[in-house]
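*Asks:* Got target.cif for you, mmCIF, C-alpha atoms:
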```cif
data_entry
#
loop_
_atom_site.label_atom_id
_atom_site.label_comp_id
_atom_site.auth_asym_id
_atom_site.auth_seq_id
_atom_site.Cartn_x
_atom_site.Cartn_y
_atom_site.Cartn_z
CA MET Y 1 0.00 0.00 0.00
CA ALA Y 2 1.31 3.40 -0.95
CA GLN Y 3 2.51 5.52 1.93
CA HIS Y 4 0.87 8.67 0.77
CA GLN Y 5 -2.53 7.27 0.19
CA VAL Y 6 -5.14 9.46 1.81
CA ASN Y 7 -7.68 7.77 3.96
CA TYR Y 8 -10.71 9.66 2.69
CA ALA Y 9 -13.08 8.31 5.25
CA SER Y 10 -11.04 9.58 8.14
CA SER Y 11 -9.94 12.95 6.79
CA ALA Y 12 -12.05 15.96 7.60
CA GLY Y 13 -12.47 17.48 4.13
CA LEU Y 14 -13.99 14.78 2.06
CA PRO Y 15 -13.06 15.22 -1.60
CA ILE Y 16 -16.40 13.90 -2.62
CA ALA Y 17 -19.02 15.93 -4.45
CA LEU Y 18 -22.56 14.78 -4.21
CA THR Y 19 -24.79 15.55 -7.17
CA SER Y 20 -27.49 14.12 -9.31
CA VAL Y 21 -26.94 12.42 -12.63
CA ASP Y 22 -28.91 15.19 -14.33
CA LYS Y 23 -26.64 17.88 -12.99
CA LEU Y 24 -23.47 15.98 -13.85
CA VAL Y 25 -24.60 15.24 -17.38
CA ASN Y 26 -25.87 18.76 -17.95
CA TRP Y 27 -22.63 20.21 -16.56
CA GLY Y 28 -20.84 18.35 -19.30
CA ARG Y 29 -23.33 19.16 -22.00
CA SER Y 30 -23.69 22.84 -21.28
CA ASN Y 31 -19.99 23.60 -20.99
CA SER Y 32 -18.90 22.18 -24.30
CA LEU Y 33 -21.52 23.29 -26.77
CA TRP Y 34 -20.12 22.72 -30.21
CA PRO Y 35 -22.04 24.59 -32.88
CA LEU Y 36 -22.19 23.68 -36.51
CA THR Y 37 -20.35 26.04 -38.84
CA TYR Y 38 -23.43 27.02 -40.78
CA GLY Y 39 -23.81 30.57 -42.02
CA LEU Y 40 -26.70 31.48 -44.28
CA ALA Y 41 -26.40 35.25 -44.72
CA CYS Y 42 -25.02 38.40 -43.11
CA CYS Y 43 -25.71 37.09 -39.57
CA ALA Y 44 -22.96 34.58 -40.29
CA ILE Y 45 -20.46 37.45 -40.31
CA GLU Y 46 -21.47 38.26 -36.73
CA MET Y 47 -21.29 34.57 -35.89
CA MET Y 48 -17.75 34.43 -37.28
CA ALA Y 49 -16.85 37.52 -35.26
CA SER Y 50 -18.16 35.76 -32.15
CA GLY Y 51 -15.86 32.86 -32.86
CA ALA Y 52 -12.82 35.01 -33.56
CA SER Y 53 -10.35 36.31 -31.01
CA ARG Y 54 -12.05 39.54 -29.96
CA TYR Y 55 -15.22 37.90 -28.65
CA ASP Y 56 -13.70 34.44 -28.37
CA PHE Y 57 -16.31 31.73 -28.16
CA ASP Y 58 -13.60 29.19 -27.35
CA ARG Y 59 -13.30 30.43 -23.78
CA MET Y 60 -16.90 29.33 -23.23
CA GLY Y 61 -16.12 25.85 -24.53
CA THR Y 62 -17.90 26.69 -27.76
CA ILE Y 63 -15.88 25.43 -30.68
CA PHE Y 64 -17.27 25.50 -34.20
CA ARG Y 65 -17.32 22.12 -35.89
CA ALA Y 66 -17.43 21.61 -39.63
CA SER Y 67 -19.50 18.43 -39.46
CA PRO Y 68 -23.06 17.99 -38.19
CA ARG Y 69 -22.04 14.64 -36.72
CA GLN Y 70 -19.79 16.40 -34.21
CA ALA Y 71 -22.06 19.34 -33.46
CA ASP Y 72 -24.50 19.89 -30.59
CA VAL Y 73 -25.92 23.25 -31.59
CA MET Y 74 -27.16 24.51 -34.91
CA ILE Y 75 -26.98 28.27 -35.20
CA LEU Y 76 -29.24 29.22 -38.08
CA ALA Y 77 -27.57 32.50 -38.90
CA GLY Y 78 -29.43 34.31 -41.64
CA THR Y 79 -32.14 34.11 -44.26
CA LEU Y 80 -33.30 30.60 -44.97
CA SER Y 81 -34.54 30.39 -48.54
CA LYS Y 82 -37.12 27.81 -49.49
CA LYS Y 83 -34.67 26.23 -51.88
CA HIS Y 84 -32.23 25.67 -49.03
CA SER Y 85 -34.76 24.61 -46.37
CA GLU Y 86 -34.49 20.96 -47.37
CA PHE Y 87 -30.74 20.97 -46.74
CA ALA Y 88 -31.05 22.82 -43.44
CA ARG Y 89 -33.45 20.15 -42.24
CA ARG Y 90 -31.13 17.41 -43.49
CA LEU Y 91 -28.21 18.90 -41.57
CA TYR Y 92 -30.38 19.06 -38.47
CA ASP Y 93 -31.34 15.42 -38.92
CA GLN Y 94 -27.68 14.45 -39.28
CA MET Y 95 -26.78 15.96 -35.92
CA THR Y 96 -26.64 13.46 -33.10
CA GLU Y 97 -28.77 13.76 -29.99
CA PRO Y 98 -28.73 15.78 -27.83
CA LYS Y 99 -29.03 18.78 -30.13
CA TRP Y 100 -30.22 22.33 -29.80
CA VAL Y 101 -31.05 25.09 -32.24
CA ILE Y 102 -30.49 28.83 -32.05
CA SER Y 103 -32.39 30.91 -34.56
CA MET Y 104 -30.19 33.95 -35.07
CA GLY Y 105 -31.57 37.20 -36.45
CA SER Y 106 -34.90 38.46 -37.72
CA CYS Y 107 -34.78 36.52 -40.97
CA ALA Y 108 -34.35 33.17 -39.27
CA ASN Y 109 -36.97 34.04 -36.63
CA THR Y 110 -39.80 35.22 -38.85
CA GLY Y 111 -38.52 35.74 -42.38
CA GLY Y 112 -37.71 39.31 -41.39
CA MET Y 113 -37.81 41.85 -44.17
CA PHE Y 114 -37.95 39.08 -46.76
CA ASN Y 115 -41.71 38.85 -46.77
CA THR Y 116 -41.57 37.15 -50.17
CA TYR Y 117 -42.33 33.90 -51.96
CA ALA Y 118 -38.79 32.52 -51.72
CA THR Y 119 -38.03 32.82 -48.00
CA VAL Y 120 -39.03 30.49 -45.19
CA GLN Y 121 -41.15 32.58 -42.82
CA GLY Y 122 -39.42 31.47 -39.65
CA VAL Y 123 -37.16 28.45 -39.39
CA ASP Y 124 -39.41 27.01 -36.68
CA ARG Y 125 -41.64 25.91 -39.53
CA ILE Y 126 -39.16 23.15 -40.28
CA ILE Y 127 -36.82 22.87 -37.27
CA PRO Y 128 -37.69 23.06 -33.54
CA VAL Y 129 -35.94 26.12 -32.13
CA ASP Y 130 -34.67 26.59 -28.57
CA ILE Y 131 -33.51 30.19 -28.57
CA TYR Y 132 -34.83 32.98 -30.77
CA LEU Y 133 -32.23 35.70 -31.04
CA PRO Y 134 -33.58 39.06 -32.20
CA GLY Y 135 -31.58 41.61 -34.16
CA CYS Y 136 -30.65 42.51 -37.69
CA ALA Y 137 -27.93 41.43 -37.43
CA PRO Y 138 -27.43 40.61 -33.72
CA ARG Y 139 -24.12 41.75 -32.28
CA PRO Y 140 -21.62 39.07 -31.21
CA GLU Y 141 -22.42 39.93 -27.58
CA THR Y 142 -26.03 39.02 -28.28
CA LEU Y 143 -25.02 35.66 -29.69
CA GLN Y 144 -22.84 35.06 -26.65
CA TYR Y 145 -25.78 35.92 -24.45
CA ALA Y 146 -27.94 33.51 -26.42
CA MET Y 147 -25.34 30.81 -25.91
CA MET Y 148 -25.34 31.51 -22.19
CA MET Y 149 -29.13 31.39 -22.10
CA LEU Y 150 -28.96 28.06 -23.91
CA GLN Y 151 -26.51 26.80 -21.29
CA LYS Y 152 -28.96 27.89 -18.61
CA LYS Y 153 -31.73 26.08 -20.40
CA ILE Y 154 -29.68 22.90 -20.73
CA ARG Y 155 -28.85 22.94 -17.03
CA LYS Y 156 -32.56 22.86 -16.24
CA GLU Y 157 -33.22 19.95 -18.55
CA SER Y 158 -33.31 16.26 -17.74
CA ALA Y 159 -30.35 14.11 -18.70
CA ASP Y 160 -32.83 11.79 -20.37
CA MET Y 161 -33.63 13.60 -23.59
CA LYS Y 162 -36.90 11.72 -23.97
CA LYS Y 163 -38.26 13.54 -20.93
CA ASN Y 164 -37.54 16.93 -22.41
CA THR Y 165 -40.21 18.74 -24.34
CA LYS Y 166 -37.63 20.48 -26.48
CA GLN Y 167 -38.63 18.61 -29.60
CA ASP Y 168 -42.10 19.99 -29.30
CA LEU Y 169 -43.08 22.84 -31.48
CA THR Y 170 -45.82 25.30 -30.73
CA THR Y 171 -47.34 25.94 -34.06
CA GLN Y 172 -49.36 28.88 -35.16
CA THR Y 173 -52.47 26.80 -34.93
CA GLY Y 174 -51.76 26.49 -31.21
CA LYS Y 175 -51.33 22.72 -31.29
CA ARG Y 176 -48.24 21.20 -29.77
CA VAL Y 177 -46.77 18.55 -32.01
CA ARG Y 178 -43.73 16.37 -32.11
CA LEU Y 179 -41.78 16.82 -35.32
CA ILE Y 180 -40.42 13.43 -36.32
CA MET L 1 -41.64 59.78 -57.86
CA ARG L 2 -44.62 57.77 -56.80
CA LYS L 3 -47.45 59.82 -55.48
CA TYR L 4 -47.72 59.90 -51.70
CA VAL L 5 -50.32 57.59 -50.26
CA PRO L 6 -51.36 57.98 -46.62
CA LYS L 7 -49.87 55.14 -44.60
CA ASP L 8 -52.52 54.95 -41.88
CA ASN L 9 -54.56 51.76 -41.79
CA VAL L 10 -51.83 49.98 -43.76
CA GLN L 11 -52.29 46.78 -41.80
CA LYS L 12 -55.78 46.42 -43.21
CA LYS L 13 -55.01 47.14 -46.83
CA ALA L 14 -51.99 47.03 -49.06
CA TYR L 15 -50.88 50.56 -49.84
CA TYR L 16 -48.97 49.65 -52.99
CA THR L 17 -51.98 49.91 -55.24
CA ASP L 18 -49.79 51.34 -57.99
CA ARG L 19 -47.71 48.18 -58.37
CA PHE L 20 -47.96 48.35 -62.13
CA HIS L 21 -46.63 51.86 -62.15
CA VAL L 22 -45.69 53.01 -65.65
CA VAL L 23 -42.29 54.61 -65.80
CA PRO L 24 -42.24 57.96 -67.62
CA SER L 25 -40.59 57.59 -71.00
CA VAL L 26 -37.00 58.66 -71.50
CA PRO L 27 -36.41 61.28 -74.23
CA ARG L 28 -35.20 59.76 -77.49
CA SER L 29 -32.96 61.49 -79.98
CA LYS L 30 -31.94 60.70 -83.55
CA VAL L 31 -28.63 59.08 -84.40
CA GLU L 32 -26.18 61.81 -85.38
CA GLU L 33 -24.67 61.69 -88.87
CA GLY L 34 -21.05 60.58 -88.98
CA SER L 35 -21.00 59.27 -85.40
CA HIS L 36 -19.95 55.76 -84.37
CA PHE L 37 -23.58 54.81 -83.83
CA ALA L 38 -24.46 55.94 -87.37
CA ASP L 39 -21.94 53.40 -88.69
CA VAL L 40 -23.50 50.71 -86.50
CA VAL L 41 -26.99 51.51 -87.77
CA SER L 42 -25.85 51.43 -91.40
CA THR L 43 -24.06 48.08 -90.81
CA ILE L 44 -27.17 46.51 -89.30
CA GLY L 45 -29.22 47.94 -92.16
CA ALA L 46 -32.81 46.84 -92.60
CA ASP L 47 -32.72 44.37 -89.70
CA ALA L 48 -33.17 47.29 -87.33
CA LYS L 49 -36.83 48.28 -87.49
CA GLU L 50 -36.14 51.40 -85.47
CA SER L 51 -32.98 52.96 -84.07
CA TYR L 52 -32.55 55.93 -81.73
CA ILE L 53 -30.34 57.23 -78.91
CA GLU L 54 -31.51 56.98 -75.29
CA ILE L 55 -29.25 58.51 -72.61
CA GLY L 56 -26.17 58.14 -74.80
CA GLN L 57 -26.94 54.56 -75.78
CA LEU L 58 -28.02 53.28 -79.15
CA VAL L 59 -31.25 51.29 -79.04
CA LEU L 60 -31.99 48.91 -81.91
CA GLN L 61 -35.51 47.50 -82.26
CA ILE L 62 -35.38 44.21 -84.15
CA ASN L 63 -37.57 41.23 -84.98
CA PRO L 64 -37.10 38.32 -82.53
CA GLU L 65 -36.08 35.89 -85.31
CA ASP L 66 -33.18 38.18 -86.35
CA ASN L 67 -31.57 38.33 -82.93
CA PHE L 68 -28.68 35.94 -83.61
CA LYS L 69 -27.87 37.54 -86.96
CA VAL L 70 -27.89 41.09 -85.57
CA MET L 71 -25.85 40.12 -82.52
CA LYS L 72 -23.30 38.34 -84.72
CA THR L 73 -22.89 41.44 -86.89
CA LEU L 74 -22.57 43.65 -83.81
CA LYS L 75 -19.93 41.41 -82.33
CA GLU L 76 -17.85 40.64 -85.41
CA THR L 77 -18.18 43.82 -87.47
CA CYS L 78 -18.92 46.59 -84.96
CA GLY L 79 -16.72 45.38 -82.07
CA TYR L 80 -19.42 44.83 -79.43
CA THR L 81 -17.59 41.97 -77.78
CA GLN L 82 -19.35 41.93 -74.40
CA CYS L 83 -22.94 41.09 -73.54
CA SER L 84 -23.24 42.62 -70.10
CA GLU L 85 -26.92 41.88 -69.51
CA GLN L 86 -29.75 40.00 -71.09
CA SER L 87 -33.24 39.65 -69.77
CA ALA L 88 -36.89 40.38 -70.42
CA VAL L 89 -39.70 42.69 -69.31
CA ASP L 90 -43.24 41.45 -68.78
CA TYR L 91 -45.77 43.30 -70.94
CA LEU L 92 -48.22 40.40 -70.99
CA ALA L 93 -51.11 42.34 -69.48
CA LYS L 94 -50.78 45.20 -71.97
CA ASP L 95 -49.64 43.55 -75.21
CA ASN L 96 -49.50 39.78 -74.45
CA GLU L 97 -45.79 39.81 -75.25
CA PHE L 98 -42.40 40.14 -73.58
CA GLU L 99 -39.77 42.74 -74.32
CA LEU L 100 -36.37 41.07 -74.54
CA PHE L 101 -33.20 43.10 -74.42
CA TRP L 102 -29.49 42.52 -74.81
CA GLN L 103 -27.08 45.10 -73.46
CA LEU L 104 -23.83 45.07 -75.46
CA LEU L 105 -20.56 46.86 -74.77
CA ASN L 106 -17.81 47.94 -77.15
CA ILE L 107 -14.68 48.27 -75.01
CA THR L 108 -12.46 50.04 -77.57
CA GLU L 109 -15.07 52.69 -78.41
CA ALA L 110 -16.57 52.78 -74.86
CA LYS L 111 -20.05 52.63 -76.38
CA ARG L 112 -23.10 50.62 -75.43
CA VAL L 113 -25.90 49.30 -77.60
CA ARG L 114 -29.19 47.87 -76.45
CA VAL L 115 -30.85 45.42 -78.79
CA VAL L 116 -34.56 45.15 -78.07
CA CYS L 117 -37.22 42.90 -79.48
CA ARG L 118 -40.81 42.00 -78.72
CA LEU L 119 -41.52 38.29 -78.26
CA ALA L 120 -45.05 36.91 -78.28
CA ASN L 121 -46.22 34.96 -75.24
CA GLY L 122 -45.26 31.30 -75.62
CA ALA L 123 -42.75 31.88 -78.42
CA ALA L 124 -39.10 30.86 -78.12
CA ILE L 125 -35.98 32.87 -78.84
CA GLU L 126 -32.70 31.75 -80.39
CA SER L 127 -29.79 31.49 -77.96
CA VAL L 128 -26.85 33.87 -78.41
CA GLU L 129 -24.69 31.69 -76.19
CA PRO L 130 -22.36 30.72 -79.12
CA LEU L 131 -21.48 34.44 -79.43
CA PHE L 132 -21.44 35.54 -75.79
CA LYS L 133 -20.68 33.04 -73.03
CA SER L 134 -22.31 35.34 -70.47
CA ALA L 135 -25.64 34.73 -72.19
CA ASN L 136 -25.60 31.17 -70.84
CA PHE L 137 -26.55 32.14 -67.28
CA ALA L 138 -28.56 35.19 -68.38
CA GLU L 139 -30.79 33.07 -70.60
CA ARG L 140 -31.20 30.47 -67.87
CA GLU L 141 -32.28 33.20 -65.50
CA MET L 142 -34.72 34.57 -68.08
CA PHE L 143 -36.16 31.08 -68.47
CA ASP L 144 -36.38 30.68 -64.69
CA MET L 145 -37.97 34.04 -63.99
CA PHE L 146 -40.28 34.43 -67.03
CA GLY L 147 -40.62 30.96 -68.54
CA ILE L 148 -39.28 32.12 -71.91
CA LYS L 149 -37.83 29.16 -73.78
CA VAL L 150 -34.46 29.57 -75.50
CA ASN L 151 -33.69 27.44 -78.55
CA ASN L 152 -30.29 25.73 -78.84
CA HIS L 153 -29.26 26.67 -75.33
CA PRO L 154 -26.64 24.13 -74.07
CA PHE L 155 -28.23 23.63 -70.62
CA LEU L 156 -31.59 25.29 -70.20
CA LYS L 157 -32.43 24.66 -66.54
CA ARG L 158 -33.66 26.80 -63.67
CA ILE L 159 -30.83 28.75 -62.14
CA LEU L 160 -32.23 30.54 -59.06
CA MET L 161 -35.37 28.72 -58.04
CA PRO L 162 -35.35 25.00 -57.14
CA ASP L 163 -35.60 22.57 -60.05
CA ASP L 164 -39.03 21.35 -58.93
CA TRP L 165 -40.45 24.87 -58.56
CA GLU L 166 -43.72 25.74 -60.21
CA GLY L 167 -44.32 29.19 -61.65
CA HIS L 168 -42.10 31.99 -62.85
CA PRO L 169 -41.64 34.61 -60.12
CA LEU L 170 -40.84 37.71 -62.18
CA LEU L 171 -44.11 37.58 -64.09
CA LYS L 172 -46.29 40.46 -62.99
CA THR L 173 -49.12 38.04 -62.33
CA TYR L 174 -47.01 36.14 -59.76
CA PRO L 175 -48.02 37.14 -56.21
CA LEU L 176 -45.26 38.60 -54.04
CA HIS L 177 -46.07 36.22 -51.18
CA GLY L 178 -46.17 33.28 -53.58
CA ASP L 179 -48.96 31.07 -54.79
CA GLU L 180 -50.14 28.00 -52.92
CA PHE L 181 -47.25 25.90 -54.20
CA ALA L 182 -44.71 28.46 -52.96
CA ALA L 183 -46.43 28.92 -49.60
CA TRP L 184 -46.23 25.22 -48.75
CA TYR L 185 -43.06 24.36 -50.63
CA GLU L 186 -40.78 23.58 -47.67
CA VAL L 187 -43.51 21.80 -45.69
CA ASP L 188 -44.54 19.63 -48.64
CA LYS L 189 -40.98 18.78 -49.50
CA ILE L 190 -39.65 17.99 -46.02
CA PHE L 191 -42.63 16.59 -44.14
CA GLY L 192 -45.26 15.86 -46.75
CA LYS L 193 -48.63 17.40 -47.46
CA GLU L 194 -50.27 15.84 -44.40
CA TYR L 195 -48.17 18.10 -42.19
CA ARG L 196 -49.79 21.23 -43.60
CA ASP L 197 -52.51 21.15 -40.95
CA ILE L 198 -50.02 20.65 -38.14
CA ILE L 199 -47.57 23.33 -39.12
CA GLY L 200 -50.15 25.81 -40.27
CA PRO L 201 -50.06 28.63 -42.79
CA GLU L 202 -47.26 31.17 -42.92
CA ASN L 203 -47.63 34.31 -40.87
CA ARG L 204 -47.33 37.11 -43.41
CA ASP L 205 -48.24 39.90 -41.01
CA PRO L 206 -45.07 41.26 -39.36
CA GLY L 207 -47.16 43.18 -36.81
CA LYS L 208 -49.19 40.19 -35.69
CA VAL L 209 -49.88 40.10 -31.95
CA ASP L 210 -51.63 37.12 -30.43
CA ILE L 211 -52.75 37.96 -26.90
CA GLU L 212 -53.55 34.33 -26.21
CA ASP L 213 -49.94 33.39 -26.92
CA THR L 214 -48.48 33.86 -23.46
CA LYS L 215 -45.05 32.63 -24.52
CA ARG L 216 -44.25 35.41 -26.93
CA PHE L 217 -46.47 38.24 -25.74
CA ALA L 218 -47.18 39.83 -22.39
CA ARG L 219 -49.87 42.45 -21.87
CA ILE L 220 -49.14 44.99 -19.20
CA GLY L 221 -51.84 44.82 -16.56
CA TYR L 222 -53.09 41.46 -17.80
CA GLU L 223 -49.95 39.51 -17.12
CA VAL L 224 -49.98 35.75 -16.71
CA PRO L 225 -46.97 33.48 -16.09
CA PHE L 226 -44.83 32.41 -19.07
CA GLY L 227 -46.60 29.77 -21.07
CA ALA L 228 -49.67 29.76 -18.84
CA GLU L 229 -53.11 29.02 -20.17
CA TYR L 230 -54.78 32.19 -21.28
CA ASN L 231 -58.23 32.65 -19.85
CA SER L 232 -58.54 35.74 -17.72
CA GLU L 233 -59.54 39.19 -18.80
CA GLU L 234 -59.08 40.62 -15.29
CA GLU L 235 -56.66 43.45 -14.96
CA GLN L 236 -53.98 42.81 -12.37
CA ASP L 237 -52.13 45.42 -10.39
CA ILE L 238 -48.55 45.82 -11.39
CA GLU L 239 -46.10 45.55 -8.53
CA TYR L 240 -43.13 47.78 -9.08
CA SER L 241 -39.97 47.23 -7.13
CA GLU L 242 -39.02 49.91 -4.67
CA THR L 243 -36.12 51.10 -6.72
CA PHE L 244 -38.31 51.60 -9.71
CA LEU L 245 -39.91 54.80 -8.49
CA VAL L 246 -37.52 57.12 -6.73
CA ASN L 247 -38.67 60.48 -5.51
CA TYR L 248 -36.02 62.89 -6.62
CA ASN L 249 -36.41 66.30 -5.06
CA LYS L 250 -34.31 69.13 -3.78
CA LYS L 251 -33.97 67.56 -0.34
CA SER L 252 -32.84 64.13 -1.45
CA SER L 253 -30.16 65.48 -3.73
CA ASN L 254 -26.91 67.00 -2.66
CA GLU L 255 -25.83 69.94 -4.76
CA LEU L 256 -22.20 70.96 -4.82
CA ASP L 257 -21.15 74.58 -4.86
CA GLU L 258 -18.15 73.93 -7.00
CA ARG L 259 -16.79 71.07 -8.94
CA ARG L 260 -14.76 68.61 -6.91
#
```
Rewrite the coordinates I just gave you, this time as structure tokens.
*Replies:*
Amino acid sequence: MAQHQVNYASSAGLPIALTSVDKLVNWGRSNSLWPLTYGLACCAIEMMASGASRYDFDRMGTIFRASPRQADVMILAGTLSKKHSEFARRLYDQMTEPKWVISMGSCANTGGMFNTYATVQGVDRIIPVDIYLPGCAPRPETLQYAMMMLQKKIRKESADMKKNTKQDLTTQTGKRVRLI
Amino acid sequence: MRKYVPKDNVQKKAYYTDRFHVVPSVPRSKVEEGSHFADVVSTIGADAKESYIEIGQLVLQINPEDNFKVMKTLKETCGYTQCSEQSAVDYLAKDNEFELFWQLLNITEAKRVRVVCRLANGAAIESVEPLFKSANFAEREMFDMFGIKVNNHPFLKRILMPDDWEGHPLLKTYPLHGDEFAAWYEVDKIFGKEYRDIIGPENRDPGKVDIEDTKRFARIGYEVPFGAEYNSEEEQDIEYSETFLVNYNKKSSNELDERR
């Protein structure tokens, strides 16, 4: 037996932290949110600025990944055209659970000023959204705040994703549905 | 300038009633004798039905079946080696025909020529892609936006809208918010038509307020918790925090005689 082994049971300060599984899992999930590198329009410039050294997403454990398989968060940054909506949904489907979505900017939230035939009027029509981030375009601070709000939200969730109602989508008809 | 229309009550009615606003005509002048454009007009000869100068540019009105011949002459004889723009204008409501135009540039002379023709609805035009490579994408866009077919085009396919799109968006008859196909395009494609009822129609009113939606909207005096069921119409007293209302008066403040 090693001489320096600490007898935990007899020492006064027990190096044991008691917690619940939910909190432990959510601690891990919320502190390494990896977003998908996915810029759609001018909001993507602000998203890039958030990732670069001045605002520095990396210090929050947020590292952009170039593959949906490695990403936890999808930041829909910009105008989603109807032509592209199919691919946005496919990228969302390719992300592994657990996954979250931030809708960044007016265009992603509601279609914004593009009240036309070719723009999806709010990405929540095709993808369940966790955080709606207002602004045109939102400043990098706003995106950081959204990320922090998402972390807060994750910390309140259950570790078992099936118990979470995140996948639900409140539609304009008022019905709550589960999208696939 | 469009005439001013009062903007009150705009949520009830669309205020752009003059959507088919007719642009005032630009003054036209004759082609000057001995100028570069006079040479161009004489080279084109009888193929140009009408020729005049508009804002320093020569405009040549031609028959749609002569377009390749005229463009070839302009390129090879007159030195108009660039086709900077090619598209169409919808005059279907007025004349049941399109106006097609080609904007050509002569780099050595620094002159521009616009070749214009009128094409009947449903007729096809000959491609000028063998002469100008830029016409490839321009003609595809014209096909996409107006549905004008181009003969002998190497790859006539939609360029901006999705391949399975229905309708041609730049036609004046196409609604700005899209027809039924456009309105449900992403829902139909991703989830299928049966999801239309679940997802619901698009909200096209940017000022829409739903007081029964307690997640997105809060009414001052009628506040309910976030996401709560909406049922009450009773006004509730608002509790302000103590720091919200501060009585500032002469006594509470401390005025300095001079700057510290």
*Asks:* Between Y:Gly112, Y:Pro128, Y:Gly105, Y:Pro134, which is the closest to chain L once you count only C-alpha atoms?
*Replies:*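 Among the listed residues, Y:Gly112 lies closest to chain L.
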*Asks:* Which residues of chain L sit at most 8 Å from chain Y, using all atoms listed in the file? Give each one's shortest atom pair and distance in Å (one decimal place), in chain and ascending residue order, as a Markdown table.
*Replies:*
```
| residue | atom | partner | partner_atom | distance |
| --- | --- | --- | --- | --- |
| L:Met161 | CA | Y:Lys83 | CA | 6.7 |
| L:Pro162 | CA | Y:Lys83 | CA | 5.4 |
| L:Pro175 | CA | Y:Tyr117 | CA | 7.8 |
| L:Leu176 | CA | Y:Thr116 | CA | 5.5 |
| L:His177 | CA | Y:Tyr117 | CA | 4.5 |
| L:Gly178 | CA | Y:Tyr117 | CA | 4.2 |
| L:Asp179 | CA | Y:Tyr117 | CA | 7.7 |
| L:Ala182 | CA | Y:Tyr117 | CA | 6.0 |
| L:Ala183 | CA | Y:Tyr117 | CA | 6.9 |
| L:Tyr185 | CA | Y:Lys82 | CA | 7.0 |
| L:Glu186 | CA | Y:Lys82 | CA | 5.9 |
| L:Val187 | CA | Y:Ile126 | CA | 7.1 |
| L:Lys189 | CA | Y:Glu86 | CA | 7.2 |
| L:Ile190 | CA | Y:Glu86 | CA | 6.1 |
| L:Ile198 | CA | Y:Thr171 | CA | 7.2 |
| L:Ile199 | CA | Y:Thr171 | CA | 5.7 |
| L:Gly200 | CA | Y:Thr173 | CA | 5.9 |
| L:Pro201 | CA | Y:Gln172 | CA | 7.7 |
| L:Glu202 | CA | Y:Gln121 | CA | 6.3 |
| L:Asn203 | CA | Y:Gln121 | CA | 7.0 |
| L:Arg204 | CA | Y:Asn115 | CA | 6.8 |
| L:Pro206 | CA | Y:Gly112 | CA | 7.9 |
```
*Asks:* With the PyMOL selection byres ((chain L and resi 103-108) around 10) as the selection, what would be picked from this file? Answer as a list in words, please.
*Replies:*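 Matching residues under the PyMOL selection byres ((chain L and resi 103-108) around 10) are Gln57, Leu58, Val59, Met71, Leu74, Lys75, Cys78, Gly79, Tyr80, Thr81, Gln82, Cys83, Ser84, Glu85, Gln86, Ser87, Phe101, Trp102, Glu109, Ala110, Lys111, Arg112, Val113, Arg114, Val115, Val116 and Phe132 of chain L.
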*Asks:* Provide the atom CA of Asp130 of chain Y to atom CA of Trp100 of chain Y distance in Å, to one decimal place.
*Replies:* 6.3 Å
*Asks:* Report, in Å with one decimal, the straight-line distance from atom CA of Thr96 of chain Y to atom CA of Ser50 of chain Y.
*Replies:* 23.9 Å
*Asks:* Using all atoms listed in the file, can you tell me which of L:Lys172, L:Thr77, L:Asn249, L:Asp213 comes closest to Phe226 of chain L?
*Replies:* L:Asp213
*Asks:* Mind running segment 97-165 of chain Y against segment 52-73 of chain Y at 10 Å and telling me each contacting residue's nearest atom pair with the distance in Å (one decimal), counting all atoms listed in the file, chain and number ascending, as a tab-separated table?
*Replies:*
```
residue	atom	partner	partner_atom	distance
Y:Glu97	CA	Y:Asp72	CA	7.5
Y:Pro98	CA	Y:Asp72	CA	6.5
Y:Lys99	CA	Y:Asp72	CA	4.7
Y:Trp100	CA	Y:Val73	CA	4.7
Y:Val101	CA	Y:Val73	CA	5.5
Y:Ile102	CA	Y:Val73	CA	7.2
Y:Asp130	CA	Y:Val73	CA	9.8
Y:Pro140	CA	Y:Tyr55	CA	7.0
Y:Glu141	CA	Y:Tyr55	CA	7.6
Y:Leu143	CA	Y:Phe57	CA	9.7
Y:Gln144	CA	Y:Phe57	CA	7.5
Y:Met147	CA	Y:Thr62	CA	8.7
Y:Met148	CA	Y:Met60	CA	8.8
Y:Leu150	CA	Y:Val73	CA	9.6
```
*Asks:* Which residues match the PyMOL selection byres ((chain Y and resi 135) around 8) in the file above, as a PyMOL selection string?
*Replies:* chain Y and resi 104-106+133-134+136-139
*Asks:* Using atom CA of Tyr145 of chain Y and atom CA of Ile131 of chain Y as the two end points, give the distance in Å to one decimal.
*Replies:*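 Atom-to-atom, atom CA of Tyr145 of chain Y to atom CA of Ile131 of chain Y, that is 10.5 Å.
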*Asks:* Evaluate the PyMOL selection byres ((chain L and resi 145) around 7) here and jot the selected residues down as a count of residues only.
*Replies:* 9
*Asks:* As a list of chain:residue names, please: the residues near Ala228 of chain L (cut-off 12 Å, only C-alpha atoms, same-chain neighbours under 4 positions excluded).
*Replies:* L:Ile211, L:Glu212, L:Asp213, L:Thr214, L:Lys215, L:Arg216, L:Phe217, L:Ala218, L:Glu223, L:Val224, L:Ser232
*Asks:* Which is closer to Arg140 of chain L than all the others in L:Asn254, L:Ala124, L:Arg158, L:Gly45, using only C-alpha atoms?
*Replies:*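 For Arg140 of chain L, the nearest of the candidates is L:Arg158.
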